[in-house]
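**Student:** This is my_file20.cif (mmCIF, C-alpha atoms and all ligand atoms).
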data_entry
loop_
_atom_site.label_atom_id
_atom_site.label_comp_id
_atom_site.auth_asym_id
_atom_site.auth_seq_id
_atom_site.Cartn_x
_atom_site.Cartn_y
_atom_site.Cartn_z
CA MET A 156 59.69 144.36 -71.91
CA LEU A 157 62.62 146.35 -70.57
CA LYS A 158 62.15 150.09 -71.06
CA ILE A 159 65.56 151.41 -71.97
CA GLY A 160 67.20 154.10 -74.06
CA ASN A 161 69.88 156.73 -73.92
CA HIS A 162 70.28 160.46 -74.03
CA LEU A 163 69.73 161.71 -77.63
CA SER A 164 70.57 164.98 -79.33
CA SER A 165 67.43 167.03 -79.87
CA SER A 166 68.96 169.18 -82.64
CA GLY A 167 67.10 167.33 -85.43
CA GLY A 168 63.69 167.53 -83.74
CA TYR A 169 61.33 164.97 -82.24
CA GLU A 170 60.77 162.63 -85.16
CA ALA A 171 64.52 162.33 -85.68
CA MET A 172 64.94 161.35 -82.02
CA GLY A 173 62.20 158.73 -82.33
CA LYS A 174 63.84 157.19 -85.38
CA LYS A 175 67.28 157.27 -83.77
CA ALA A 176 65.90 155.54 -80.67
CA LEU A 177 64.44 152.74 -82.82
CA GLU A 178 67.73 152.38 -84.68
CA LEU A 179 69.53 151.87 -81.35
CA GLY A 180 67.01 149.32 -80.07
CA ALA A 181 65.54 151.76 -77.55
CA ASN A 182 61.89 152.23 -76.54
CA THR A 183 62.37 155.40 -74.50
CA PHE A 184 64.99 158.15 -74.46
CA ALA A 185 66.18 161.32 -72.79
CA PHE A 186 66.79 164.69 -74.42
CA PHE A 187 67.57 168.25 -73.45
CA THR A 188 64.54 170.48 -73.85
CA ARG A 189 66.93 173.23 -75.03
CA ASN A 190 70.65 173.80 -75.29
CA PRO A 191 72.07 172.04 -72.19
CA ARG A 192 73.94 175.24 -71.29
CA GLY A 193 70.63 177.13 -71.12
CA GLY A 194 69.88 179.92 -73.55
CA LYS A 195 66.96 180.38 -75.88
CA ALA A 196 65.05 177.29 -76.97
CA LYS A 197 64.36 176.52 -80.62
CA ALA A 198 60.69 176.89 -81.61
CA ILE A 199 58.79 173.59 -81.58
CA ASP A 200 57.42 172.43 -84.95
CA PRO A 201 53.94 171.00 -84.20
CA GLU A 202 54.02 168.81 -87.33
CA ASP A 203 57.31 167.27 -86.30
CA VAL A 204 55.88 166.58 -82.82
CA GLY A 205 52.75 165.10 -84.42
CA ARG A 206 54.82 162.69 -86.52
CA PHE A 207 56.81 161.72 -83.45
CA ARG A 208 53.71 161.08 -81.35
CA ARG A 209 52.26 158.76 -84.01
CA LEU A 210 55.57 156.88 -84.21
CA ALA A 211 55.84 156.61 -80.41
CA GLU A 212 52.32 155.21 -80.22
CA GLU A 213 52.82 152.69 -83.04
CA GLN A 214 56.10 151.52 -81.54
CA GLU A 215 54.76 151.51 -77.97
CA PHE A 216 57.42 153.81 -76.58
CA ALA A 217 57.59 154.09 -72.81
CA THR A 218 57.47 157.41 -70.95
CA LEU A 219 60.23 159.81 -72.05
CA VAL A 220 62.61 161.35 -69.52
CA ALA A 221 63.47 164.89 -70.67
CA HIS A 222 66.34 166.65 -68.94
CA ALA A 223 66.48 170.31 -67.91
CA PRO A 224 69.63 172.25 -68.88
CA TYR A 225 72.27 171.26 -66.34
CA THR A 226 73.38 174.86 -65.83
CA LEU A 227 70.07 175.84 -64.23
CA ASN A 228 70.64 176.63 -60.58
CA PRO A 229 67.31 177.23 -58.86
CA CYS A 230 69.12 177.80 -55.53
CA SER A 231 71.84 180.18 -56.68
CA ALA A 232 72.76 183.03 -54.32
CA ASP A 233 72.30 185.38 -57.30
CA GLU A 234 68.72 186.54 -57.68
CA GLY A 235 69.12 187.00 -61.44
CA LEU A 236 70.23 183.40 -61.86
CA ARG A 237 67.33 182.16 -59.75
CA GLU A 238 64.96 184.22 -61.88
CA PHE A 239 66.52 182.76 -65.05
CA ALA A 240 66.08 179.24 -63.65
CA LYS A 241 62.43 179.90 -62.84
CA ASN A 242 61.61 181.35 -66.28
CA THR A 243 63.46 178.60 -68.13
CA PHE A 244 61.77 175.93 -66.02
CA ALA A 245 58.29 177.35 -66.66
CA ASP A 246 59.00 177.69 -70.38
CA ASP A 247 60.25 174.09 -70.52
CA LEU A 248 57.10 172.85 -68.81
CA ALA A 249 55.03 174.65 -71.45
CA ARG A 250 57.13 172.99 -74.18
CA MET A 251 56.71 169.59 -72.53
CA GLU A 252 52.95 169.82 -73.07
CA TYR A 253 53.54 169.24 -76.80
CA THR A 254 54.34 165.68 -75.72
CA PRO A 255 51.87 165.19 -72.86
CA GLY A 256 52.36 162.79 -69.98
CA ASN A 257 56.14 162.49 -69.93
CA TYR A 258 58.84 163.21 -67.32
CA TYR A 259 60.99 166.33 -66.92
CA ASN A 260 64.05 165.66 -64.78
CA PHE A 261 66.22 168.34 -63.19
CA HIS A 262 69.19 168.79 -60.86
CA PRO A 263 68.06 170.55 -57.67
CA GLY A 264 71.11 172.82 -57.89
CA SER A 265 74.03 173.94 -55.74
CA HIS A 266 73.54 176.11 -52.67
CA VAL A 267 77.13 177.47 -52.81
CA LYS A 268 77.85 178.34 -49.14
CA GLN A 269 74.28 179.47 -48.38
CA GLY A 270 73.60 176.18 -46.63
CA VAL A 271 71.36 173.34 -47.66
CA ASP A 272 68.24 174.68 -45.94
CA VAL A 273 68.37 177.98 -47.84
CA GLY A 274 68.98 175.99 -51.04
CA ILE A 275 65.96 173.80 -50.44
CA ARG A 276 63.78 176.83 -49.73
CA TYR A 277 64.73 178.43 -53.06
CA ILE A 278 64.12 175.18 -54.94
CA THR A 279 60.64 174.72 -53.50
CA GLN A 280 59.87 178.40 -54.17
CA MET A 281 60.72 177.90 -57.83
CA LEU A 282 58.63 174.75 -58.08
CA ASN A 283 55.68 176.47 -56.42
CA VAL A 284 55.79 179.20 -59.07
CA ALA A 285 56.50 176.99 -62.11
CA LEU A 286 54.24 173.97 -61.51
CA THR A 287 50.55 174.13 -62.35
CA PRO A 288 47.69 171.75 -61.47
CA GLN A 289 46.85 171.50 -65.22
CA GLN A 290 50.22 170.20 -66.41
CA THR A 291 50.43 166.57 -67.55
CA THR A 292 54.19 166.40 -67.07
CA ILE A 293 55.67 164.88 -63.92
CA VAL A 294 58.74 166.78 -62.70
CA LEU A 295 61.53 164.57 -61.38
CA LEU A 296 64.21 165.50 -58.85
CA GLU A 297 67.44 163.72 -59.70
CA THR A 298 69.43 162.04 -56.92
CA MET A 299 72.82 163.80 -56.88
CA SER A 300 76.36 162.67 -56.05
CA GLY A 301 77.01 165.52 -53.60
CA LYS A 302 79.79 167.08 -55.65
CA GLY A 303 80.59 170.54 -54.24
CA SER A 304 77.46 171.96 -52.61
CA GLU A 305 74.92 170.02 -54.66
CA VAL A 306 71.52 169.68 -53.04
CA GLY A 307 69.95 166.23 -53.34
CA ARG A 308 72.89 164.16 -52.10
CA SER A 309 70.67 162.21 -49.73
CA PHE A 310 67.14 160.85 -49.88
CA GLU A 311 66.36 163.08 -46.88
CA GLU A 312 67.21 166.24 -48.84
CA LEU A 313 64.95 165.18 -51.71
CA ARG A 314 62.19 164.42 -49.23
CA GLN A 315 62.52 167.93 -47.77
CA ILE A 316 62.07 169.44 -51.24
CA LEU A 317 59.05 167.24 -51.98
CA ASP A 318 57.47 168.26 -48.67
CA GLY A 319 57.58 171.93 -49.68
CA VAL A 320 55.87 171.57 -53.07
CA GLN A 321 52.17 172.40 -53.35
CA CYS A 322 51.50 170.46 -56.60
CA SER A 323 52.86 167.36 -54.92
CA ASP A 324 51.11 165.00 -57.36
CA LYS A 325 53.25 166.47 -60.18
CA MET A 326 56.52 165.49 -58.47
CA GLY A 327 58.65 162.35 -58.58
CA VAL A 328 62.27 161.22 -58.32
CA CYS A 329 64.79 159.90 -60.85
CA LEU A 330 67.45 157.66 -59.32
CA ASP A 331 70.87 157.94 -60.98
CA THR A 332 72.92 154.81 -60.18
CA CYS A 333 76.27 156.63 -60.55
CA HIS A 334 75.11 159.50 -58.39
CA VAL A 335 73.67 157.44 -55.50
CA TRP A 336 76.81 155.26 -55.50
CA ASP A 337 79.04 158.34 -55.42
CA ALA A 338 76.79 159.75 -52.68
CA GLY A 339 77.52 156.68 -50.53
CA TYR A 340 74.58 154.33 -51.11
CA ASP A 341 75.88 150.78 -51.60
CA ILE A 342 73.85 149.53 -54.54
CA VAL A 343 76.53 146.87 -55.20
CA LYS A 344 76.46 144.94 -51.93
CA ASP A 345 73.05 146.02 -50.63
CA LEU A 346 70.62 147.06 -53.38
CA ASP A 347 67.67 145.77 -51.33
CA GLY A 348 68.77 147.92 -48.40
CA VAL A 349 69.08 151.05 -50.57
CA VAL A 350 65.65 150.46 -52.12
CA ALA A 351 64.16 149.94 -48.64
CA GLU A 352 65.83 153.16 -47.44
CA PHE A 353 64.38 155.04 -50.44
CA ASP A 354 60.97 153.66 -49.57
CA ARG A 355 61.30 154.59 -45.90
CA VAL A 356 62.49 158.17 -46.54
CA ILE A 357 60.73 159.15 -49.80
CA GLY A 358 58.31 156.37 -50.70
CA LEU A 359 58.72 154.09 -53.72
CA GLU A 360 55.58 155.49 -55.36
CA ARG A 361 57.69 158.63 -56.06
CA LEU A 362 60.34 156.71 -58.00
CA LYS A 363 59.58 157.20 -61.69
CA ALA A 364 62.82 156.64 -63.64
CA VAL A 365 66.41 155.42 -63.37
CA HIS A 366 69.57 156.86 -64.94
CA LEU A 367 71.62 153.71 -65.56
CA ASN A 368 75.32 154.55 -65.34
CA ASP A 369 78.48 152.94 -64.07
CA SER A 370 80.82 155.14 -62.02
CA MET A 371 84.52 155.83 -62.47
CA ASN A 372 84.92 156.33 -58.73
CA PRO A 373 84.45 154.38 -55.48
CA MET A 374 81.33 154.55 -53.34
CA GLY A 375 81.03 157.81 -51.41
CA SER A 376 83.54 159.69 -53.59
CA HIS A 377 81.11 162.56 -54.43
CA LYS A 378 82.70 162.87 -57.88
CA ASP A 379 79.99 162.26 -60.55
CA ARG A 380 82.05 160.81 -63.39
CA HIS A 381 79.99 158.33 -65.42
CA ALA A 382 81.56 155.15 -66.81
CA ARG A 383 80.32 152.73 -69.46
CA ILE A 384 78.26 149.79 -68.19
CA GLY A 385 80.66 147.23 -66.70
CA GLU A 386 83.71 149.47 -66.97
CA GLY A 387 83.36 151.24 -63.63
CA GLU A 388 83.29 150.60 -59.89
CA ILE A 389 79.64 149.50 -59.86
CA GLY A 390 80.08 146.81 -62.49
CA LEU A 391 77.82 144.90 -64.85
CA GLU A 392 76.38 142.39 -62.39
CA ALA A 393 75.20 145.06 -59.95
CA LEU A 394 73.54 147.00 -62.79
CA VAL A 395 71.87 143.79 -64.01
CA ARG A 396 70.42 143.42 -60.50
CA VAL A 397 69.16 147.02 -60.75
CA ILE A 398 67.18 146.44 -63.97
CA ASN A 399 65.70 143.23 -62.58
CA HIS A 400 64.86 144.45 -59.08
CA PRO A 401 61.10 144.03 -58.45
CA ALA A 402 60.75 147.68 -57.33
CA LEU A 403 62.66 149.04 -60.34
CA ARG A 404 62.19 146.67 -63.28
CA ASP A 405 59.14 148.40 -64.77
CA LEU A 406 60.66 151.91 -64.74
CA PRO A 407 62.28 153.56 -67.78
CA PHE A 408 66.10 153.20 -67.69
CA ILE A 409 68.19 155.93 -69.33
CA LEU A 410 71.87 155.39 -70.19
CA GLU A 411 74.07 158.46 -69.73
CA THR A 412 77.31 156.64 -70.34
CA PRO A 413 80.22 158.02 -72.40
CA ASN A 414 79.43 156.32 -75.73
CA ASP A 415 78.83 156.80 -79.44
CA ASP A 416 75.74 155.35 -81.17
CA ALA A 417 77.31 151.90 -81.58
CA GLY A 418 78.25 151.91 -77.91
CA TYR A 419 74.69 152.75 -76.85
CA ALA A 420 73.20 150.12 -79.17
CA GLY A 421 75.59 147.61 -77.58
CA GLU A 422 74.67 148.56 -74.01
CA ILE A 423 70.94 148.48 -74.82
CA ALA A 424 71.30 145.01 -76.38
CA LEU A 425 73.40 143.82 -73.44
CA MET A 426 70.86 144.97 -70.85
CA ARG A 427 67.98 143.47 -72.87
CA SER A 428 69.83 140.14 -72.98
CA ARG A 429 70.19 140.21 -69.18
CA TYR A 430 66.58 141.23 -68.42
CA GLU A 431 64.68 138.37 -66.81
CA GLN A 432 61.32 137.56 -68.36
CA ARG A 433 58.74 137.12 -65.63
FE FE A 501 71.29 164.64 -64.76
FE FE A 502 71.82 161.47 -64.42
ZN ZN A 503 76.00 162.69 -63.51
#
In structure tokens, write the structure found in this file.
**Tutor:**
Amino acid sequence: MLKIGNHLSSSGGYEAMGKKALELGANTFAFFTRNPRGGKAKAIDPEDVGRFRRLAEEQEFATLVAHAPYTLNPCSADEGLREFAKNTFADDLARMEYTPGNYYNFHPGSHVKQGVDVGIRYITQMLNVALTPQQTTIVLLETMSGKGSEVGRSFEELRQILDGVQCSDKMGVCLDTCHVWDAGYDIVKDLDGVVAEFDRVIGLERLKAVHLNDSMNPMGSHKDRHARIGEGEIGLEALVRVINHPALRDLPFILETPNDDAGYAGEIALMRSRYEQR
């Protein structure tokens, strides 16, 4: 069965997200572990998490793909901001243990004129402080579009980060279809080639999740503007090939498309209808 869902609001708690996912036809989902702009996280209600975990087990939910606040910049030139990123990251990992064994995805950050090598050093430093051998959560680096000075615009940059992390077995990658397209990887005409390149540079065993988005812009534009499935430059047929690709088809797929609930339910149903039973 296709593992698919969308990004849900976490404001009502875990059980509410589980019920919303079911309502939309999803069997996984993404959520922000705290306000996406950072700031203090709401206390976790263990009873709410307990109800959610029973529901997720009954309904055979796939692995969840939590998302770090997108304002975190682990490679900022400002030491205070790097410190904030580190503390938030560590606190989020502690929160993730309420729902053991899921994924926590984050944007590597922007090096802002310091150069990519300095950026990568700061990112690995943060990961080496925040990750612990005991955690059950796998931390995912997201492939980025290369907007501004974003780190993670190529598979090579992600590989460099992975190489610097001590708790290497706690690390994976989340491939965002809009971002890799905007970064210049041709998943429309040569999906096999892009998957082979990922395997050569990073290794497919690191690939844990996919953000399934169309893109408003042409390949290599470095823009990062998501479009609804079939309404962008990638197009429906290319995204159908993504969900059915032998190296990708068993991963959780998360929609981050500009939609309301009805729109997400429609995209989930559409992708399910195009998933090949094997
Ligand atoms: Fe993201
Ligand atoms: Fe994404
Ligand atoms: Zn994006």
**Student:** Give me the residues near Arg396 of chain A as JSON, numbers by chain, where near means some atom within 12 Å (using only C-alpha atoms) and where sequence neighbours in that chain fewer than 6 positions away do not count.
**Tutor:** {"A": [332, 342, 343, 344, 345, 346, 347, 350, 367, 389, 390, 402, 403, 404, 426, 429, 430, 431]}
**Student:** Check which residues of chain A sit at most 8 Å from ligand ZN 503 (chain A) using all atoms listed in the file, and return one row each with the closest pair of atoms and their distance in Å to one decimal, ordered by chain and rising number, as CSV.
**Tutor:**
residue,atom,partner,partner_atom,distance
A:Met299,CA,A:ZN503,ZN,7.4
A:Ser300,CA,A:ZN503,ZN,7.5
A:Asp331,CA,A:ZN503,ZN,7.4
A:Cys333,CA,A:ZN503,ZN,6.7
A:His334,CA,A:ZN503,ZN,6.1
A:Asp379,CA,A:ZN503,ZN,5.0
A:Arg380,CA,A:ZN503,ZN,6.3
A:His381,CA,A:ZN503,ZN,6.2
A:Glu411,CA,A:ZN503,ZN,7.8
**Student:** What gap, in Å, lies between atom CA of Leu179 of chain A and atom CA of Pro191 of chain A?
**Tutor:**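 According to the coordinates, atom CA of Leu179 of chain A and atom CA of Pro191 of chain A are separated by 22.3 Å.
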**Student:** Which residues are close to segment 352-359 of chain A, i.e. within 9 Å by only C-alpha atoms, leaving aside same-chain residues fewer than 3 positions away? Reply as a PyMOL selection string.
**Tutor:** chain A and resi 310-311+313-314+317+328+347-349+362-363+402
**Student:** May I ask you to write as number ranges by chain all residues lying at most 8 Å from ligand FE 501 (chain A), with all atoms listed in the file counted?
**Tutor:** A: 222, 225, 260-262, 297, 331, 366
**Student:** Could those selected residues go to a file with C-alpha atoms, as a short mmCIF file (atom, residue, chain, number, x, y, z; two decimals), in the frame of the given file?
**Tutor:**
data_model
loop_
_atom_site.label_atom_id
_atom_site.label_comp_id
_atom_site.auth_asym_id
_atom_site.auth_seq_id
_atom_site.Cartn_x
_atom_site.Cartn_y
_atom_site.Cartn_z
CA HIS A 222 66.34 166.65 -68.94
CA TYR A 225 72.27 171.26 -66.34
CA ASN A 260 64.05 165.66 -64.78
CA PHE A 261 66.22 168.34 -63.19
CA HIS A 262 69.19 168.79 -60.86
CA GLU A 297 67.44 163.72 -59.70
CA ASP A 331 70.87 157.94 -60.98
CA HIS A 366 69.57 156.86 -64.94
#
**Student:** Rounded to one decimal in Å, what is the spacing between atom CA of Leu410 of chain A and atom CA of Thr218 of chain A?
**Tutor:**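 Distance reported for this atom pair: 14.6 Å.
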**Student:** For Arg383 of chain A, which of A:Leu286, A:Leu425, A:Ser265, A:Leu210 is the closest residue, counting all atoms listed in the file?
**Tutor:**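 Looking only at the distances to Arg383 of chain A, the closest residue turns out to be A:Leu425.
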**Student:** Compare A:Leu295, A:Ile199, A:Ile316, A:Val273 by their minimum atom-to-atom distance to ligand FE 502 (chain A), counting all atoms listed in the file, and give me the closest one.
**Tutor:**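 For ligand FE 502 (chain A), the nearest of the given residues is A:Leu295.
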**Student:** Go through A:Met326, A:Val220, A:Val397, A:Ala211 one by one, measure the shortest atom-to-atom distance of each to ligand FE 502 (chain A) using only C-alpha atoms and all ligand atoms, and give the residue with the smallest value.
**Tutor:** A:Val220
**Student:** As an exercise, work out the distance from atom CA of Tyr259 of chain A to atom CA of Val365 of chain A in Å and give it to one decimal place.
**Tutor:** 12.7 Å
**Student:** For Tyr277 of chain A, which of A:Gly301, A:Asn257, A:Asp233, A:Tyr169 is the closest residue, counting all atoms listed in the file?
**Tutor:**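 Ranked by minimum distance to Tyr277 of chain A, first place goes to A:Asp233.
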**Student:** With distances taken over only C-alpha atoms and all ligand atoms, which residue among A:His162, A:Lys325, A:His400, A:Lys174 lies nearest ligand FE 502 (chain A)?
**Tutor:** A:His162
**Student:** Please write as a list of chain:residue names the list of polymer residues whose atoms come within 10 Å of (62.9, 152.3, -82.8), counting only C-alpha atoms and keeping to the coordinates of the file.
**Tutor:**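 Output: A:Gly160, A:Met172, A:Gly173, A:Lys174, A:Lys175, A:Ala176, A:Leu177, A:Glu178, A:Leu179, A:Gly180, A:Ala181, A:Asn182, A:Thr183, A:Leu210, A:Ala211, A:Gln214, A:Glu215, A:Phe216.
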**Student:** Point out the residue among A:Thr254, A:Asn190, A:Asn242, A:Thr412 with the least atom-to-atom distance to Arg206 of chain A, counting all atoms listed in the file.
**Tutor:**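 Answer, going by the shortest atom-to-atom distance: A:Thr254.
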**Student:** Taking (57.2, 174.5, -72.8) as a centre in this file's frame and 12 Å as the limit, can you find every polymer residue with an atom that close, using all atoms listed in the file, and give them as number ranges by chain?
**Tutor:** A: 188-189, 195-199, 221, 223, 242-255, 259, 285-286, 290-292
**Student:** For Val320 of chain A, work out the shell of residues within 6 Å, counting all atoms listed in the file and skipping chain neighbours fewer than 3 positions away, then give it as a PyMOL selection string.
**Tutor:** chain A and resi 279+283+317+323
**Student:** Around all of segment 255-270 of chain A's listed atoms, make the axis-aligned box with 3 Å on each side and tell me centre and edge lengths in Å to one decimal, as lines of an AutoDock Vina configuration file.
**Tutor:**
center_x = 64.9
center_y = 171.0
center_z = -59.7
size_x = 32.0
size_y = 23.0
size_z = 32.2
**Student:** Residues at most 12 Å from His377 of chain A, counting all atoms listed in the file, excluding those fewer than 6 positions away in the same chain, as an NGL selection string?
**Tutor:** :A and (298-305 or 307-309 or 333-340 or 370-371)
